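The structure appears below as structure tokens.
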Amino acid sequence: MGDSRLLVCFDGGARANGTAFAVAGAGAVMYRDGVKVSEVILPLPTVRSNNVAEYEAVLAGLHLLNEANDADGTQCTIVSFTSFCGGLPAPQSNNNPFGYKFSWAPRGVLLAARNNSKYLQDGEVKDVPGEKLWSVAQKMEVRGFDKPFEGVPNRDSTQYKQIYDLPDIQTLLRGTFRYAGWADILLSLAKMNMLDLEERDLNSTTYNQLMLQQSGGAAGANPKESVSKFVGHPVDGDVIKAMEWLGLFTDDKIEAKTYLDSVCELMKKKPSMYYAEGEKDMIVMKHTYQVEYPDRTEYLSTQLVDYALEDGTTSMSRTVGIPVAVATRMVLEGKITGSGIKIPIVADIYEPILELLAKEGIVFEDTLDKVVKKTQ
């Protein structure tokens with residue numbers, strides 16, 4: 001038969017009882033002898049915003065299963081859905097001014113910080129260019145944490161109005177979590193064009209010279225003071241301190257061909273921007289919903305906070321790897337058959353994934369935050 005290989009990609013989460021929020025999604029491609037013979041892509045079930053049995057909301061970052069209805073059959077309309085997720089250092093391992101550690105390529109993180117975003121807010125489509133992305137970051141509370149996180153839109157959220165079949169949705173936003181402070185730093189770098197990818201001859205340039213140039217400072221001026229004035233943050237404030245800690249105000253020669261890579265090279269040299277032995281990561285995920293009934297409006301939220309295990313197994317690897325393993329086994333055992341796009345709208349596909357995630361302690365907490373009665 002020759003060599004067979006299986007490649008699987010997945011985004012997934014878990015299910016909690018009660019209000020019944022659920023998630024499952026996977027994709028698999030089977031190759032034999034280098035030829036693709038089967039492809040299975042498993043996003044979450046299509047949303048039916050009216051006329052269905054119960055709430056079921058996607059608890060992964062990419063796909064939504066949201067079926068809502070009163071027990072007595074009363075129709076409802078989902079008018080707002082937001083979904084934010086971030087892979088971050090656990091609080092005890094958050095020990096650098098950026099509040100972030102790389103679990104993937106530093107350049108990839110900076111490239112993602114350049115992405116344009118598009119989302120729906122109060123019925124209006126919002127387009128945000130990459131250079132202004134971090135200006136729309138919002139503070140977001142997550143239960144169990146004393147300080148709010150920052151949430152920023154992630155690429156094009158408007159496409160999910162059709163994917164989720166939510167014709168009446170007024171607010172639809174998928175985004176990324178970061179610790180507070182990241183947005184101001186990235187926005188300041190973007191303002192100085194330090195995320196630019198145009199190749200330049202920078203080999204004879206020092207970081208101090210570049211900072212002075214990018215902030216419009218006069219020859220002989222203090223680079224730190226010039227940047228402070230240009231980006232609008234005090235010299236003794238967190239943004240300038242973070243830049244100084246990174247090494248942007250030094251006479252070191254730049255060893256990169258683009259402004260973005262000049263920042264990336266400094267980040268790569270900072271040990272505390274990587275996970276050291278014994279340090280833990282965490283996954284923070286939160287979803288909010290506004291659901292309209294004839295007699296009331298309900299505001300709900302669902303959140304997941306998962307930490308690395310004591311044996312060093314990361315939360316990122318658990319929350320991605322376990323669903324992949326279950327989905328792969330189902331493909332190999334013939335429980336997911338055929339080729340082409342498969343949407344798991346039946347429990348036989350997504351329940352095994354959800355059940356095993358729950359056994360591993362990866363669970364979501366559902367909360368009915370507020371009910372507003374409508375006047376008759």
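In the structure tokens, each chain is lettered A, B, ... as it comes, each chain's residues begin at 1, and ligands are numbered from 1 in order of appearance.
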
Select from range 235-312 of chain A every residue with an atom at most 8 Å from any atom of range 200-206 of chain A, then for each give the shortest pair of atoms and their distance in Å to one decimal, using only C-alpha atoms, rows by chain and rising number, as a tab-separated table.
```
residue	atom	partner	partner_atom	distance
A:Thr250	CA	A:Thr206	CA	7.2
A:Asp251	CA	A:Thr206	CA	5.1
A:Asp252	CA	A:Thr206	CA	5.3
A:Lys253	CA	A:Thr206	CA	4.3
A:Ile254	CA	A:Thr206	CA	5.7
A:Glu255	CA	A:Asn203	CA	6.0
A:Ala256	CA	A:Leu202	CA	6.7
A:Lys257	CA	A:Arg200	CA	5.3
A:Thr258	CA	A:Arg200	CA	5.9
```

Selected residues, N, CA, C and O atoms, written as a PDB file, in the first residue's frame, please.
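Written output follows (result-v2.pdb):
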```
ATOM      1  N   THR A 250      19.803  51.660  22.620  1.00  0.00           N
ATOM      2  CA  THR A 250      21.216  51.288  22.792  1.00  0.00           C
ATOM      3  C   THR A 250      21.976  51.670  21.525  1.00  0.00           C
ATOM      4  O   THR A 250      21.385  52.006  20.502  1.00  0.00           O
ATOM      5  N   ASP A 251      23.288  51.593  21.622  1.00  0.00           N
ATOM      6  CA  ASP A 251      24.142  51.851  20.457  1.00  0.00           C
ATOM      7  C   ASP A 251      24.540  50.560  19.756  1.00  0.00           C
ATOM      8  O   ASP A 251      25.480  50.547  18.951  1.00  0.00           O
ATOM      9  N   ASP A 252      23.813  49.485  20.045  1.00  0.00           N
ATOM     10  CA  ASP A 252      24.065  48.221  19.341  1.00  0.00           C
ATOM     11  C   ASP A 252      23.692  48.371  17.867  1.00  0.00           C
ATOM     12  O   ASP A 252      22.694  49.008  17.517  1.00  0.00           O
ATOM     13  N   LYS A 253      24.492  47.753  17.000  1.00  0.00           N
ATOM     14  CA  LYS A 253      24.197  47.777  15.569  1.00  0.00           C
ATOM     15  C   LYS A 253      23.033  46.833  15.260  1.00  0.00           C
ATOM     16  O   LYS A 253      22.903  45.763  15.848  1.00  0.00           O
ATOM     17  N   ILE A 254      22.209  47.241  14.327  1.00  0.00           N
ATOM     18  CA  ILE A 254      21.055  46.441  13.923  1.00  0.00           C
ATOM     19  C   ILE A 254      21.497  45.329  12.983  1.00  0.00           C
ATOM     20  O   ILE A 254      22.216  45.572  12.015  1.00  0.00           O
ATOM     21  N   GLU A 255      21.060  44.114  13.270  1.00  0.00           N
ATOM     22  CA  GLU A 255      21.393  42.954  12.445  1.00  0.00           C
ATOM     23  C   GLU A 255      20.125  42.415  11.794  1.00  0.00           C
ATOM     24  O   GLU A 255      19.702  41.292  12.043  1.00  0.00           O
ATOM     25  N   ALA A 256      19.507  43.260  10.988  1.00  0.00           N
ATOM     26  CA  ALA A 256      18.260  42.877  10.325  1.00  0.00           C
ATOM     27  C   ALA A 256      18.087  43.758   9.095  1.00  0.00           C
ATOM     28  O   ALA A 256      18.731  44.807   8.956  1.00  0.00           O
ATOM     29  N   LYS A 257      17.182  43.320   8.204  1.00  0.00           N
ATOM     30  CA  LYS A 257      16.957  44.049   6.957  1.00  0.00           C
ATOM     31  C   LYS A 257      15.639  44.820   6.953  1.00  0.00           C
ATOM     32  O   LYS A 257      15.384  45.593   6.040  1.00  0.00           O
ATOM     33  N   THR A 258      14.796  44.586   7.949  1.00  0.00           N
ATOM     34  CA  THR A 258      13.529  45.326   8.028  1.00  0.00           C
ATOM     35  C   THR A 258      13.354  45.850   9.443  1.00  0.00           C
ATOM     36  O   THR A 258      13.957  45.343  10.396  1.00  0.00           O
TER      37      THR A 258
END
```

Tell me, as JSON, numbers by chain, which residues lie within 12 Å of Gln159 in chain A, counting only C-alpha atoms; anything in the same chain fewer than 4 positions away does not count.
{"A": [62, 63, 117, 118, 119, 120, 125, 155, 163, 164, 165, 166, 167, 169, 172, 173, 174]}

If you measure from CA of Leu195 in chain A to CA of Phe230 in chain A, what distance in Å do you get, rounded to one decimal?
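Result for CA of Leu195 in chain A versus CA of Phe230 in chain A: 16.1 Å, one decimal.
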
List as a Markdown table every residue of range 116-235 of chain A that is in contact with range 92-111 of chain A, defined as an atom at most 8 Å from one of its atoms (using only C-alpha atoms), together with the nearest atom pair and the distance in Å rounded to one decimal, sorted by chain and then rising number.
```
| residue | atom | partner | partner_atom | distance |
| --- | --- | --- | --- | --- |
| A:Arg178 | CA | A:Gly99 | CA | 7.6 |
| A:Tyr179 | CA | A:Gly99 | CA | 5.7 |
| A:Ala180 | CA | A:Gly99 | CA | 7.7 |
| A:Gly181 | CA | A:Phe98 | CA | 7.1 |
| A:Trp182 | CA | A:Phe98 | CA | 5.8 |
| A:Ile185 | CA | A:Phe98 | CA | 7.8 |
| A:Leu195 | CA | A:Leu110 | CA | 7.2 |
```

Between CA of Ile322 in chain A and CA of Asp306 in chain A, what distance in Å does the model show, to one decimal?
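CA of Asp306 in chain A lies 13.5 Å from CA of Ile322 in chain A.
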
Mind dumping a table of every range 233-299 of chain A residue within 12 Å of range 367-376 of chain A, with the nearest atom pair and its distance in Å to one decimal, using only C-alpha atoms, sorted by chain and rising number, as a tab-separated table?
```
residue	atom	partner	partner_atom	distance
A:Lys286	CA	A:Thr367	CA	11.0
A:His287	CA	A:Thr367	CA	10.4
A:Thr288	CA	A:Asp369	CA	9.5
A:Tyr289	CA	A:Leu368	CA	9.5
A:Gln290	CA	A:Lys370	CA	9.6
A:Val291	CA	A:Val371	CA	9.7
A:Glu292	CA	A:Val372	CA	9.7
A:Tyr293	CA	A:Lys374	CA	8.9
A:Pro294	CA	A:Lys374	CA	7.7
A:Asp295	CA	A:Lys374	CA	5.1
A:Arg296	CA	A:Lys373	CA	4.2
A:Thr297	CA	A:Val372	CA	5.1
A:Glu298	CA	A:Val371	CA	4.6
A:Tyr299	CA	A:Lys370	CA	5.1
```

How would you write, as a VMD selection string, the set of residues in range 144-349 of chain A that DSSP gives as helix (DSSP H, G or I)?
chain A and resid 160 to 163 182 to 191 207 to 214 223 to 231 238 to 246 259 to 268 271 to 273 315 to 332 347 to 349
